[in-house]
Each structure stands twice: as C-alpha cells, then as structure tokens.
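Shown below: query-v3.json, with JSON, C-alpha atoms.
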```json
[["chain", "number", "residue", "atom", "x", "y", "z"],
["A", 23, "MET", "CA", 17.51, 14.46, -15.83],
["A", 24, "SER", "CA", 19.52, 17.50, -14.71],
["A", 25, "ASP", "CA", 16.76, 18.28, -12.24],
["A", 26, "ALA", "CA", 17.04, 14.94, -10.45],
["A", 27, "ASN", "CA", 18.12, 14.76, -6.80],
["A", 28, "PRO", "CA", 18.65, 18.47, -6.25],
["A", 29, "SER", "CA", 18.73, 17.61, -2.57],
["A", 30, "ALA", "CA", 22.28, 16.37, -2.96],
["A", 31, "LYS", "CA", 23.12, 20.05, -2.97],
["A", 32, "THR", "CA", 20.35, 21.59, -0.91],
["A", 33, "GLY", "CA", 19.61, 19.28, 2.07],
["A", 34, "PRO", "CA", 16.08, 18.56, 3.38],
["A", 35, "LEU", "CA", 13.41, 20.10, 1.19],
["A", 36, "TYR", "CA", 10.52, 22.20, 2.51],
["A", 37, "LEU", "CA", 7.28, 23.01, 0.68],
["A", 38, "ASP", "CA", 8.92, 26.21, -0.56],
["A", 39, "ASP", "CA", 11.70, 24.19, -2.23],
["A", 40, "LEU", "CA", 9.40, 21.92, -4.24],
["A", 41, "HIS", "CA", 7.94, 22.52, -7.68],
["A", 42, "VAL", "CA", 5.98, 20.56, -10.25],
["A", 43, "GLY", "CA", 8.29, 18.59, -12.52],
["A", 44, "GLN", "CA", 11.03, 18.14, -9.90],
["A", 45, "ARG", "CA", 12.38, 14.59, -10.10],
["A", 46, "PHE", "CA", 14.11, 12.13, -7.81],
["A", 47, "VAL", "CA", 15.89, 8.98, -8.90],
["A", 48, "GLY", "CA", 16.09, 6.18, -6.35],
["A", 49, "GLY", "CA", 18.42, 3.23, -6.04],
["A", 50, "SER", "CA", 17.44, -0.33, -6.88],
["A", 51, "GLN", "CA", 16.61, -3.50, -5.01],
["A", 52, "ARG", "CA", 16.64, -7.11, -6.09],
["A", 53, "VAL", "CA", 13.63, -9.15, -4.93],
["A", 54, "GLU", "CA", 14.52, -12.69, -3.85],
["A", 55, "ALA", "CA", 12.11, -15.64, -3.73],
["A", 56, "ASP", "CA", 12.73, -16.05, 0.00],
["A", 57, "ALA", "CA", 11.79, -12.42, 0.69],
["A", 58, "ILE", "CA", 8.59, -12.81, -1.36],
["A", 59, "LYS", "CA", 7.59, -15.89, 0.65],
["A", 60, "GLN", "CA", 8.53, -14.36, 3.99],
["A", 61, "PHE", "CA", 6.47, -11.23, 3.34],
["A", 62, "ALA", "CA", 3.57, -13.41, 2.19],
["A", 63, "ARG", "CA", 3.61, -15.56, 5.33],
["A", 64, "GLN", "CA", 3.39, -12.43, 7.46],
["A", 65, "PHE", "CA", 1.00, -10.24, 5.48],
["A", 66, "ASP", "CA", -0.47, -11.83, 2.35],
["A", 67, "PRO", "CA", -0.69, -15.62, 2.77],
["A", 68, "GLN", "CA", -2.05, -16.55, -0.66],
["A", 69, "PRO", "CA", -0.71, -19.58, -2.58],
["A", 70, "PHE", "CA", 0.80, -17.54, -5.47],
["A", 71, "HIS", "CA", 2.83, -15.46, -2.97],
["A", 72, "LEU", "CA", 3.75, -18.34, -0.63],
["A", 73, "GLY", "CA", 5.50, -20.71, -3.01],
["A", 74, "GLU", "CA", 6.40, -21.78, -6.54],
["A", 75, "GLU", "CA", 3.81, -24.54, -6.76],
["A", 76, "GLY", "CA", 0.96, -22.27, -5.70],
["A", 77, "GLY", "CA", 2.19, -19.75, -8.24],
["A", 78, "ARG", "CA", 2.23, -22.29, -11.08],
["A", 79, "GLN", "CA", -1.37, -23.22, -10.38],
["A", 80, "SER", "CA", -2.50, -19.56, -10.40],
["A", 81, "MET", "CA", -3.23, -17.06, -13.19],
["A", 82, "PHE", "CA", 0.35, -15.79, -12.70],
["A", 83, "GLY", "CA", 1.99, -19.07, -13.74],
["A", 84, "GLY", "CA", 4.62, -18.74, -11.02],
["A", 85, "LEU", "CA", 5.58, -17.20, -7.70],
["A", 86, "VAL", "CA", 4.87, -13.44, -7.58],
["A", 87, "ALA", "CA", 5.36, -10.79, -4.91],
["A", 88, "SER", "CA", 2.43, -9.37, -2.95],
["A", 89, "GLY", "CA", 1.44, -5.95, -4.24],
["A", 90, "TRP", "CA", 1.95, -4.70, -0.68],
["A", 91, "HIS", "CA", 5.50, -6.03, -0.79],
["A", 92, "THR", "CA", 6.15, -4.18, -4.07],
["A", 93, "GLY", "CA", 4.67, -1.07, -2.47],
["A", 94, "ALA", "CA", 6.83, -1.42, 0.64],
["A", 95, "ILE", "CA", 10.03, -1.96, -1.38],
["A", 96, "SER", "CA", 9.16, 1.09, -3.49],
["A", 97, "MET", "CA", 8.64, 3.08, -0.28],
["A", 98, "ARG", "CA", 12.11, 2.06, 0.91],
["A", 99, "LEU", "CA", 13.65, 3.28, -2.33],
["A", 100, "MET", "CA", 11.67, 6.56, -2.13],
["A", 101, "VAL", "CA", 12.62, 7.22, 1.50],
["A", 102, "GLU", "CA", 16.27, 7.01, 0.46],
["A", 103, "ALA", "CA", 15.83, 9.27, -2.59],
["A", 104, "VAL", "CA", 13.30, 11.97, -1.68],
["A", 105, "PRO", "CA", 14.61, 14.10, 1.23],
["A", 106, "ILE", "CA", 11.47, 15.96, 2.30],
["A", 107, "ALA", "CA", 11.89, 17.92, 5.55],
["A", 108, "GLY", "CA", 10.16, 16.05, 8.37],
["A", 109, "GLY", "CA", 9.99, 12.85, 6.33],
["A", 110, "LEU", "CA", 7.66, 11.25, 3.81],
["A", 111, "ILE", "CA", 4.30, 11.43, 5.57],
["A", 112, "GLY", "CA", 1.49, 10.18, 3.36],
["A", 113, "ALA", "CA", -2.11, 11.27, 3.85],
["A", 114, "SER", "CA", -3.38, 9.16, 0.96],
["A", 115, "GLY", "CA", -2.36, 7.48, -2.26],
["A", 116, "GLU", "CA", -3.56, 5.89, -5.47],
["A", 117, "ILE", "CA", -1.71, 2.76, -6.51],
["A", 118, "ARG", "CA", -1.77, 0.64, -9.64],
["A", 119, "TRP", "CA", -0.04, -2.70, -10.03],
["A", 120, "THR", "CA", 0.63, -3.01, -13.73],
["A", 121, "LYS", "CA", 2.73, -6.17, -13.91],
["A", 122, "PRO", "CA", 3.66, -8.93, -11.45],
["A", 123, "VAL", "CA", 7.03, -8.81, -9.65],
["A", 124, "ARG", "CA", 8.83, -12.17, -9.89],
["A", 125, "PRO", "CA", 11.80, -13.67, -8.02],
["A", 126, "GLY", "CA", 15.08, -12.19, -9.22],
["A", 127, "ASP", "CA", 13.50, -8.96, -10.48],
["A", 128, "THR", "CA", 15.43, -5.82, -9.63],
["A", 129, "LEU", "CA", 13.19, -2.86, -8.89],
["A", 130, "HIS", "CA", 14.00, 0.78, -9.42],
["A", 131, "VAL", "CA", 11.91, 3.87, -8.58],
["A", 132, "GLU", "CA", 11.72, 7.34, -10.12],
["A", 133, "SER", "CA", 9.53, 10.00, -8.54],
["A", 134, "GLU", "CA", 8.21, 13.31, -9.83],
["A", 135, "ILE", "CA", 6.40, 16.13, -8.06],
["A", 136, "VAL", "CA", 3.03, 16.58, -9.80],
["A", 137, "GLU", "CA", 1.29, 19.05, -7.47],
["A", 138, "VAL", "CA", 2.33, 21.51, -4.74],
["A", 139, "ARG", "CA", -0.55, 23.01, -2.78],
["A", 140, "PRO", "CA", -0.22, 25.20, 0.34],
["A", 141, "SER", "CA", -2.81, 24.38, 2.99],
["A", 142, "ARG", "CA", -5.48, 27.00, 3.72],
["A", 143, "SER", "CA", -6.36, 25.65, 7.14],
["A", 144, "HIS", "CA", -2.72, 24.98, 8.19],
["A", 145, "PRO", "CA", -0.53, 27.81, 6.83],
["A", 146, "GLU", "CA", 2.62, 26.15, 8.18],
["A", 147, "ARG", "CA", 2.33, 23.24, 5.75],
["A", 148, "GLY", "CA", 0.98, 22.01, 2.43],
["A", 149, "LEU", "CA", 0.11, 18.93, 0.39],
["A", 150, "VAL", "CA", 2.49, 17.64, -2.27],
["A", 151, "ALA", "CA", 1.53, 14.95, -4.78],
["A", 152, "VAL", "CA", 4.39, 12.71, -5.86],
["A", 153, "ARG", "CA", 4.03, 10.26, -8.75],
["A", 154, "SER", "CA", 6.42, 7.32, -8.43],
["A", 155, "GLU", "CA", 7.02, 4.72, -11.10],
["A", 156, "THR", "CA", 8.52, 1.39, -10.09],
["A", 157, "ARG", "CA", 10.15, -0.56, -12.94],
["A", 158, "ASN", "CA", 11.87, -3.92, -13.20],
["A", 159, "GLN", "CA", 15.29, -4.61, -14.74],
["A", 160, "ALA", "CA", 13.71, -4.75, -18.23],
["A", 161, "GLY", "CA", 12.32, -1.25, -17.75],
["A", 162, "GLU", "CA", 8.76, -2.60, -17.48],
["A", 163, "LEU", "CA", 6.43, -0.65, -15.25],
["A", 164, "VAL", "CA", 5.28, -2.77, -12.29],
["A", 165, "GLU", "CA", 3.69, -0.12, -10.07],
["A", 166, "ILE", "CA", 2.52, 3.48, -10.23],
["A", 167, "LEU", "CA", 1.87, 5.31, -6.99],
["A", 168, "VAL", "CA", 0.59, 8.85, -6.61],
["A", 169, "ALA", "CA", 1.16, 9.74, -2.97],
["A", 170, "HIS", "CA", -0.22, 12.83, -1.28],
["A", 171, "LEU", "CA", 2.31, 13.99, 1.29],
["A", 172, "VAL", "CA", 2.05, 16.46, 4.15],
["A", 173, "VAL", "CA", 5.07, 18.79, 3.82],
["A", 174, "PRO", "CA", 6.06, 21.64, 6.19],
["A", 175, "ARG", "CA", 6.88, 25.16, 5.02],
["A", 176, "ARG", "CA", 10.39, 26.42, 5.71],
["A", 177, "PRO", "CA", 10.36, 27.96, 9.21],
["A", 178, "ALA", "CA", 10.60, 31.79, 9.11],
["B", 12, "MET", "CA", -24.73, -7.70, 9.80],
["B", 13, "SER", "CA", -26.68, -10.77, 8.73],
["B", 14, "ASP", "CA", -25.02, -10.48, 5.33],
["B", 15, "ALA", "CA", -21.49, -10.73, 6.74],
["B", 16, "ASN", "CA", -19.26, -13.69, 5.86],
["B", 17, "PRO", "CA", -21.76, -15.56, 3.67],
["B", 18, "SER", "CA", -18.78, -17.60, 2.54],
["B", 19, "ALA", "CA", -18.91, -19.58, 5.74],
["B", 20, "LYS", "CA", -21.77, -21.35, 4.03],
["B", 21, "THR", "CA", -20.94, -21.02, 0.35],
["B", 22, "GLY", "CA", -17.17, -21.55, -0.06],
["B", 23, "PRO", "CA", -14.99, -19.56, -2.49],
["B", 24, "LEU", "CA", -16.95, -16.76, -4.13],
["B", 25, "TYR", "CA", -16.98, -16.10, -7.89],
["B", 26, "LEU", "CA", -18.01, -12.86, -9.62],
["B", 27, "ASP", "CA", -21.52, -14.30, -9.94],
["B", 28, "ASP", "CA", -21.75, -14.69, -6.15],
["B", 29, "LEU", "CA", -20.88, -11.09, -5.32],
["B", 30, "HIS", "CA", -23.21, -8.11, -5.03],
["B", 31, "VAL", "CA", -23.00, -4.51, -3.91],
["B", 32, "GLY", "CA", -23.53, -4.21, -0.18],
["B", 33, "GLN", "CA", -22.11, -7.66, 0.65],
["B", 34, "ARG", "CA", -19.97, -7.41, 3.80],
["B", 35, "PHE", "CA", -17.09, -9.33, 5.32],
["B", 36, "VAL", "CA", -15.90, -8.98, 8.89],
["B", 37, "GLY", "CA", -12.26, -9.80, 9.55],
["B", 38, "GLY", "CA", -10.44, -10.77, 12.71],
["B", 39, "SER", "CA", -8.16, -8.46, 14.63],
["B", 40, "GLN", "CA", -4.43, -8.02, 15.14],
["B", 41, "ARG", "CA", -2.51, -6.23, 17.87],
["B", 42, "VAL", "CA", 0.40, -4.12, 16.63],
["B", 43, "GLU", "CA", 3.47, -4.31, 18.86],
["B", 44, "ALA", "CA", 6.26, -1.72, 19.04],
["B", 45, "ASP", "CA", 8.84, -4.32, 17.96],
["B", 46, "ALA", "CA", 6.85, -5.18, 14.84],
["B", 47, "ILE", "CA", 6.52, -1.47, 13.96],
["B", 48, "LYS", "CA", 10.31, -0.99, 14.24],
["B", 49, "GLN", "CA", 11.14, -4.19, 12.38],
["B", 50, "PHE", "CA", 8.89, -3.27, 9.44],
["B", 51, "ALA", "CA", 10.40, 0.23, 9.44],
["B", 52, "ARG", "CA", 13.99, -1.04, 9.32],
["B", 53, "GLN", "CA", 13.12, -3.14, 6.29],
["B", 54, "PHE", "CA", 10.77, -0.88, 4.34],
["B", 55, "ASP", "CA", 10.27, 2.59, 5.81],
["B", 56, "PRO", "CA", 13.34, 3.67, 7.78],
["B", 57, "GLN", "CA", 12.13, 7.04, 9.05],
["B", 58, "PRO", "CA", 12.81, 8.18, 12.64],
["B", 59, "PHE", "CA", 9.13, 8.19, 13.72],
["B", 60, "HIS", "CA", 8.73, 4.55, 12.60],
["B", 61, "LEU", "CA", 12.13, 3.33, 13.87],
["B", 62, "GLY", "CA", 11.93, 4.24, 17.55],
["B", 63, "GLU", "CA", 10.24, 6.07, 20.40],
["B", 64, "GLU", "CA", 12.72, 8.96, 20.51],
["B", 65, "GLY", "CA", 12.37, 9.69, 16.80],
["B", 66, "GLY", "CA", 8.62, 9.55, 17.25],
["B", 67, "ARG", "CA", 8.64, 12.03, 20.13],
["B", 68, "GLN", "CA", 10.57, 14.53, 18.03],
["B", 69, "SER", "CA", 8.16, 14.22, 15.09],
["B", 70, "MET", "CA", 4.71, 15.67, 14.39],
["B", 71, "PHE", "CA", 3.27, 12.38, 15.71],
["B", 72, "GLY", "CA", 4.61, 12.83, 19.25],
["B", 73, "GLY", "CA", 5.52, 9.14, 19.50],
["B", 74, "LEU", "CA", 6.32, 5.95, 17.62],
["B", 75, "VAL", "CA", 3.82, 5.22, 14.81],
["B", 76, "ALA", "CA", 3.50, 2.41, 12.28],
["B", 77, "SER", "CA", 4.40, 2.93, 8.63],
["B", 78, "GLY", "CA", 1.27, 3.37, 6.51],
["B", 79, "TRP", "CA", 2.55, 0.43, 4.43],
["B", 80, "HIS", "CA", 2.64, -1.67, 7.59],
["B", 81, "THR", "CA", -0.97, -0.72, 8.39],
["B", 82, "GLY", "CA", -1.87, -1.58, 4.79],
["B", 83, "ALA", "CA", -0.10, -4.93, 4.98],
["B", 84, "ILE", "CA", -1.73, -5.90, 8.31],
["B", 85, "SER", "CA", -5.11, -4.91, 6.87],
["B", 86, "MET", "CA", -4.38, -7.10, 3.83],
["B", 87, "ARG", "CA", -3.67, -10.03, 6.13],
["B", 88, "LEU", "CA", -7.01, -9.56, 7.89],
["B", 89, "MET", "CA", -8.80, -9.26, 4.52],
["B", 90, "VAL", "CA", -7.17, -12.38, 3.06],
["B", 91, "GLU", "CA", -8.52, -14.35, 6.01],
["B", 92, "ALA", "CA", -12.03, -12.87, 5.76],
["B", 93, "VAL", "CA", -12.83, -12.41, 2.06],
["B", 94, "PRO", "CA", -12.81, -15.78, 0.26],
["B", 95, "ILE", "CA", -12.77, -14.73, -3.38],
["B", 96, "ALA", "CA", -12.20, -17.62, -5.81],
["B", 97, "GLY", "CA", -8.62, -17.49, -7.09],
["B", 98, "GLY", "CA", -7.56, -15.13, -4.31],
["B", 99, "LEU", "CA", -7.48, -11.41, -3.66],
["B", 100, "ILE", "CA", -5.74, -10.08, -6.76],
["B", 101, "GLY", "CA", -5.62, -6.30, -6.80],
["B", 102, "ALA", "CA", -5.28, -4.30, -10.00],
["B", 103, "SER", "CA", -5.32, -0.97, -8.20],
["B", 104, "GLY", "CA", -6.39, 0.78, -5.03],
["B", 105, "GLU", "CA", -7.02, 4.09, -3.34],
["B", 106, "ILE", "CA", -5.83, 4.35, 0.23],
["B", 107, "ARG", "CA", -6.28, 6.96, 2.94],
["B", 108, "TRP", "CA", -4.49, 6.96, 6.26],
["B", 109, "THR", "CA", -6.81, 8.82, 8.60],
["B", 110, "LYS", "CA", -5.08, 8.37, 11.96],
["B", 111, "PRO", "CA", -1.69, 7.05, 13.09],
["B", 112, "VAL", "CA", -1.38, 3.48, 14.36],
["B", 113, "ARG", "CA", 0.53, 3.35, 17.66],
["B", 114, "PRO", "CA", 2.15, 0.51, 19.64],
["B", 115, "GLY", "CA", -0.46, -1.62, 21.39],
["B", 116, "ASP", "CA", -3.26, -0.71, 19.00],
["B", 117, "THR", "CA", -5.46, -3.61, 17.94],
["B", 118, "LEU", "CA", -6.63, -3.35, 14.35],
["B", 119, "HIS", "CA", -9.82, -4.74, 12.90],
["B", 120, "VAL", "CA", -11.05, -4.68, 9.28],
["B", 121, "GLU", "CA", -14.54, -4.69, 7.77],
["B", 122, "SER", "CA", -14.97, -4.87, 4.00],
["B", 123, "GLU", "CA", -17.91, -4.14, 1.75],
["B", 124, "ILE", "CA", -18.44, -4.77, -1.95],
["B", 125, "VAL", "CA", -19.12, -1.39, -3.59],
["B", 126, "GLU", "CA", -19.01, -2.30, -7.29],
["B", 127, "VAL", "CA", -19.30, -5.48, -9.39],
["B", 128, "ARG", "CA", -18.47, -5.03, -13.05],
["B", 129, "PRO", "CA", -18.14, -7.87, -15.62],
["B", 130, "SER", "CA", -15.24, -7.32, -18.02],
["B", 131, "ARG", "CA", -16.08, -6.62, -21.66],
["B", 132, "SER", "CA", -12.69, -7.64, -22.98],
["B", 133, "HIS", "CA", -12.35, -10.74, -20.74],
["B", 134, "PRO", "CA", -15.79, -12.39, -20.41],
["B", 135, "GLU", "CA", -14.39, -15.00, -18.02],
["B", 136, "ARG", "CA", -13.79, -12.39, -15.30],
["B", 137, "GLY", "CA", -14.73, -9.00, -13.88],
["B", 138, "LEU", "CA", -13.60, -6.19, -11.62],
["B", 139, "VAL", "CA", -14.91, -5.91, -8.09],
["B", 140, "ALA", "CA", -14.36, -2.85, -5.90],
["B", 141, "VAL", "CA", -14.06, -3.59, -2.19],
["B", 142, "ARG", "CA", -14.05, -0.82, 0.41],
["B", 143, "SER", "CA", -12.23, -1.83, 3.58],
["B", 144, "GLU", "CA", -12.18, 0.15, 6.78],
["B", 145, "THR", "CA", -9.45, -0.52, 9.32],
["B", 146, "ARG", "CA", -10.23, 0.64, 12.86],
["B", 147, "ASN", "CA", -8.35, 0.57, 16.15],
["B", 148, "GLN", "CA", -9.60, -0.76, 19.50],
["B", 149, "ALA", "CA", -11.37, 2.55, 20.17],
["B", 150, "GLY", "CA", -13.31, 2.19, 16.93],
["B", 151, "GLU", "CA", -11.36, 5.03, 15.33],
["B", 152, "LEU", "CA", -10.82, 4.77, 11.60],
["B", 153, "VAL", "CA", -7.09, 4.48, 10.79],
["B", 154, "GLU", "CA", -7.24, 3.45, 7.12],
["B", 155, "ILE", "CA", -9.71, 3.30, 4.25],
["B", 156, "LEU", "CA", -8.81, 1.22, 1.21],
["B", 157, "VAL", "CA", -10.86, 0.84, -1.94],
["B", 158, "ALA", "CA", -9.29, -2.07, -3.80],
["B", 159, "HIS", "CA", -10.15, -3.05, -7.37],
["B", 160, "LEU", "CA", -9.91, -6.82, -7.61],
["B", 161, "VAL", "CA", -9.81, -9.14, -10.62],
["B", 162, "VAL", "CA", -12.40, -11.87, -9.94],
["B", 163, "PRO", "CA", -13.19, -14.91, -12.13],
["B", 164, "ARG", "CA", -16.69, -15.88, -13.22],
["B", 165, "ARG", "CA", -17.95, -19.24, -12.04],
["B", 166, "PRO", "CA", -16.82, -21.83, -14.62],
["B", 167, "ALA", "CA", -19.71, -23.13, -16.74]]
```
What's the structure tokens form of this structure?
Amino acid sequence: MSDANPSAKTGPLYLDDLHVGQRFVGGSQRVEADAIKQFARQFDPQPFHLGEEGGRQSMFGGLVASGWHTGAISMRLMVEAVPIAGGLIGASGEIRWTKPVRPGDTLHVESEIVEVRPSRSHPERGLVAVRSETRNQAGELVEILVAHLVVPRRPA
Amino acid sequence: MSDANPSAKTGPLYLDDLHVGQRFVGGSQRVEADAIKQFARQFDPQPFHLGEEGGRQSMFGGLVASGWHTGAISMRLMVEAVPIAGGLIGASGEIRWTKPVRPGDTLHVESEIVEVRPSRSHPERGLVAVRSETRNQAGELVEILVAHLVVPRRPA
C-alpha cells in the first residue's frame, strides 16, 4: 500500500508518471434508498430500482441500485482519488456487476494501473488502462471496471 | 426494420422469444446543459463536465456530458424500448465512447440481440448479449454498449 496515492506528493500525473502496479485508494460513499430511487426515476425506471415492493417481487428480493448508479458513484470516488493531468477521460471500458448494491451500503473504490501505452498516432498522449474495484462495507466486490483513459504526456 | 419492436405485439420477452438479429428502436432524449452540469456535480465533477469555461480550456473545446451520463440516458431509452421479462438486468458490459455529447444534442438508441445463450448451471435462465448504438441528431455514433443480460426462460 506504500505506492497508493503518490499524487499527494507529486501533483497531477502525466503519462510519464504512471506505471503498471501504481495504486490509488479512494474515499467512500454511503448509498441511501432515496438516492437509489431518484437515480432510477431519472435513468433506470425498473421496479427493483424504483421501490422496496418492486424489489421484493424481483430476483433481488429487495430494492437494489441501478448498475449505472453504482458506476457513477464509483466514478465520483475515482475522480477524487486519481489525479491524472487533464482529467479522467475514458475512451472505453469493461464493467462487471458482481453483486447488487442495497440501501445503506457504503461503497469504496481502489484503482490500479494495469497498462500504460504511448500512442503511435498521437505522440503527445497515450492510453492507460485502470482497473477499479468497488466494494461494499463487508469488503464484498460489487463492481469491477477496467477503464481505458486518454492521458497526455508531460509537456517538454 | 420490420423486425423492430416485436414486443408491441407479444408483450414481455423471455429467453425463448429472443434471437440473434432481433432489433429494438428506442425513443430520443435531448441533453440540456443544465442536466450535464447537474450530473457532473453529483457523479463526475471534472471541469469539462461542470461548466462552459472548463470545457473551453479542455481538449473538448466546450462543455461535454460525462460518459456515465451518456450511458445512463442510453439505459433509460433502452429500458423503454426493450421489454425483457423480469427487466434489463446486466451482468456485465463493454462500452465505447466514440464522440462527445454536447449541450443540445438529442440522443437516440437502437439495440440488436447479438447472442442468446442458455445457461448450463441455471436451466431456468440464459445470457443475452445486446449491442446498443447511441447516436446524436446528426446520426453520429456517440456510444456503443454491448450488455450481457440475465434473461429468464418462459415458465413451463
């Protein structure tokens, strides 16, 4: 864990500052029933995201958060923890939802650089793959995201 | 296009009702600057999602929507258009953001079944891969999502 959050010392990180195995530990966020329902009404209006009764009648047995909500909360925690120069700009991602997020869960994210690849066509930048695990308060994995980010090289 | 939205006639669709090549055409949604900023404040607080000035100073040259916001809007359009029995329950997905979404863009989603696979371990269900393309009002592709959904078999 000694390699976590090196940015606390070094400021925004360019492609040149990143290496495979580098880790970032984010904060945590509690997910309330009201937030689950509000997100669902706006973006994912399915009975098991909209209310307790719809959840009970579903395969989940209770209210659960939209996977997009879990993804968005995880993004918030990553934005605060991973200080890439120019921001976290995703070109693509692979996401797995491994366990439902339920009201009262507290989510936590840890991220690790798994690939650093300078661009051939754009020498001023590169692609960085970041694997982020989102866990609940019991340490259970709820989401795995591998995001492919566009990251600038340090200006000469 | 004659195969689009067969559900209008057949109601909720079970695994047995789905086949590769089946298509679903969703509605559309206009993305306003205020909605982009509100989503950003909650889930993706980066300068190019939070306001016009931060956008102008970024590689985007203007305010753009969070990729998670584009994903969530696309989910909304899919939920309304793809009537899978039991709901759209994603186990995993691969997402590509191919072009930024800007204020005033109107998004539209079309989905196609690309794989139908009965489960060996759970005979009462299967996995269905759905490829969804999100386009703006100019027909430009802004997002491609391949979602792997858990879908029940029709009860005997």
Can you check which residues of chain B have any atom within 8 Å of chain A? Use all atoms listed in the file and format it as a compact mmCIF listing (two decimals) with C-alpha atoms, keeping the file's coordinate frame.
```txt
# COMPACT_ATOMS: atom_id res chain seq x y z
CA GLN B 53 13.12 -3.14 6.29
CA PHE B 54 10.77 -0.88 4.34
CA ASP B 55 10.27 2.59 5.81
CA PRO B 56 13.34 3.67 7.78
CA GLN B 57 12.13 7.04 9.05
CA SER B 69 8.16 14.22 15.09
CA GLY B 78 1.27 3.37 6.51
CA TRP B 79 2.55 0.43 4.43
CA GLY B 82 -1.87 -1.58 4.79
CA ALA B 83 -0.10 -4.93 4.98
CA ILE B 84 -1.73 -5.90 8.31
CA MET B 86 -4.38 -7.10 3.83
CA ARG B 87 -3.67 -10.03 6.13
CA VAL B 90 -7.17 -12.38 3.06
CA GLY B 97 -8.62 -17.49 -7.09
CA GLY B 98 -7.56 -15.13 -4.31
CA GLY B 101 -5.62 -6.30 -6.80
CA ALA B 102 -5.28 -4.30 -10.00
CA SER B 103 -5.32 -0.97 -8.20
CA GLY B 104 -6.39 0.78 -5.03
CA GLU B 105 -7.02 4.09 -3.34
CA ILE B 106 -5.83 4.35 0.23
CA ARG B 107 -6.28 6.96 2.94
CA TRP B 108 -4.49 6.96 6.26
CA THR B 109 -6.81 8.82 8.60
```
Two-atom distance - atom CA of Glu123 of chain B, atom CA of Ala92 of chain B (Å): 11.3 Å
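For Ser50 of chain A, the list of residues within 10 Å, based on only C-alpha atoms and with local chain neighbours fewer than 3 positions off taken out, reads Val47, Val53, Ile95, Ser96, Arg98, Leu99, Thr128, Leu129, His130, Val131, Thr156, Arg157, Asn158 and Gln159 of chain A.
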Residue contacts of Gly32 of chain B (8 Å, only C-alpha atoms) excluding same-chain residues fewer than 2 positions away, as a ChimeraX atom specification: /B:30,34,123-125
For the residues in that selection, give me C-alpha atoms as a PDB file, in the coordinates of the input.
```pdb
ATOM      1  CA  HIS B  30     -23.210  -8.110  -5.030  1.00  0.00           C
ATOM      2  CA  ARG B  34     -19.970  -7.410   3.800  1.00  0.00           C
ATOM      3  CA  GLU B 123     -17.910  -4.140   1.750  1.00  0.00           C
ATOM      4  CA  ILE B 124     -18.440  -4.770  -1.950  1.00  0.00           C
ATOM      5  CA  VAL B 125     -19.120  -1.390  -3.590  1.00  0.00           C
TER       6      VAL B 125
END
```
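When atom CA of Val112 of chain B is paired with atom CA of Val153 of chain B, their separation reads 6.8 Å.
Using all atoms listed in the file, the protein and nucleic acid residues lying no more than 7 Å from Val150 of chain A, apart from those fewer than 4 places from it along its own chain, are A:Glu137, A:Val138, A:Arg139, A:His170, A:Leu171, A:Val172, A:Val173.
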Any chance you can output those residues with C-alpha atoms as an mmCIF file, in the frame of the given file?
```cif
data_model
loop_
_atom_site.group_PDB
_atom_site.id
_atom_site.type_symbol
_atom_site.label_atom_id
_atom_site.label_comp_id
_atom_site.auth_asym_id
_atom_site.auth_seq_id
_atom_site.Cartn_x
_atom_site.Cartn_y
_atom_site.Cartn_z
ATOM 1 C CA GLU A 137 1.290 19.050 -7.470
ATOM 2 C CA VAL A 138 2.330 21.510 -4.740
ATOM 3 C CA ARG A 139 -0.550 23.010 -2.780
ATOM 4 C CA HIS A 170 -0.220 12.830 -1.280
ATOM 5 C CA LEU A 171 2.310 13.990 1.290
ATOM 6 C CA VAL A 172 2.050 16.460 4.150
ATOM 7 C CA VAL A 173 5.070 18.790 3.820
#
```
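Interatomic distance, atom CA of Pro34 of chain A against atom CA of Thr81 of chain B: 26.2 Å.
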Spatial neighbours of Leu26 of chain B, max dist 8 Å, only C-alpha atoms, sep filter under 2 positions, as a VMD selection string: chain B and resid 24 28 to 29 127 129 136 to 137 139 162 to 165
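Distances to Gly22 of chain B were evaluated for B:Glu63, B:Gln49, B:Pro94, B:Phe71 using all atoms listed in the file, and the minimum falls at B:Pro94.
Here the question is which of B:Ala149, B:Ile47, B:Val75, B:Ala96 gets nearest to Asp27 of chain B using all atoms listed in the file, and that residue is B:Ala96.
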Using the structure just given, write a file holding N, CA, C and O atoms for segment 39-48 of chain B, as a short mmCIF file (atom, residue, chain, number, x, y, z; two decimals), in the first residue's frame.
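Final output, selection_37.cif:
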```cif
data_model
loop_
_atom_site.label_atom_id
_atom_site.label_comp_id
_atom_site.auth_asym_id
_atom_site.auth_seq_id
_atom_site.Cartn_x
_atom_site.Cartn_y
_atom_site.Cartn_z
N SER B 39 -36.08 9.12 -28.13
CA SER B 39 -34.94 10.01 -28.13
C SER B 39 -35.00 10.94 -26.92
O SER B 39 -36.06 11.12 -26.31
N GLN B 40 -33.86 11.50 -26.56
CA GLN B 40 -33.82 12.44 -25.44
C GLN B 40 -32.82 13.55 -25.73
O GLN B 40 -31.68 13.30 -26.11
N ARG B 41 -33.28 14.78 -25.54
CA ARG B 41 -32.40 15.94 -25.70
C ARG B 41 -31.62 16.14 -24.42
O ARG B 41 -32.15 16.00 -23.31
N VAL B 42 -30.34 16.46 -24.55
CA VAL B 42 -29.46 16.63 -23.40
C VAL B 42 -29.17 18.12 -23.20
O VAL B 42 -28.53 18.75 -24.05
N GLU B 43 -29.68 18.67 -22.11
CA GLU B 43 -29.52 20.10 -21.85
C GLU B 43 -28.25 20.37 -21.05
O GLU B 43 -27.80 19.52 -20.28
N ALA B 44 -27.71 21.58 -21.20
CA ALA B 44 -26.50 21.97 -20.46
C ALA B 44 -26.71 21.82 -18.95
O ALA B 44 -25.82 21.33 -18.24
N ASP B 45 -27.87 22.23 -18.45
CA ASP B 45 -28.11 22.14 -17.01
C ASP B 45 -28.06 20.70 -16.51
O ASP B 45 -27.55 20.43 -15.42
N ALA B 46 -28.60 19.78 -17.30
CA ALA B 46 -28.58 18.37 -16.91
C ALA B 46 -27.14 17.83 -16.91
O ALA B 46 -26.76 17.04 -16.02
N ILE B 47 -26.35 18.26 -17.88
CA ILE B 47 -24.93 17.84 -17.95
C ILE B 47 -24.21 18.28 -16.67
O ILE B 47 -23.50 17.50 -16.03
N LYS B 48 -24.42 19.54 -16.29
CA LYS B 48 -23.72 20.10 -15.12
C LYS B 48 -24.21 19.46 -13.82
O LYS B 48 -23.43 19.21 -12.91
#
```
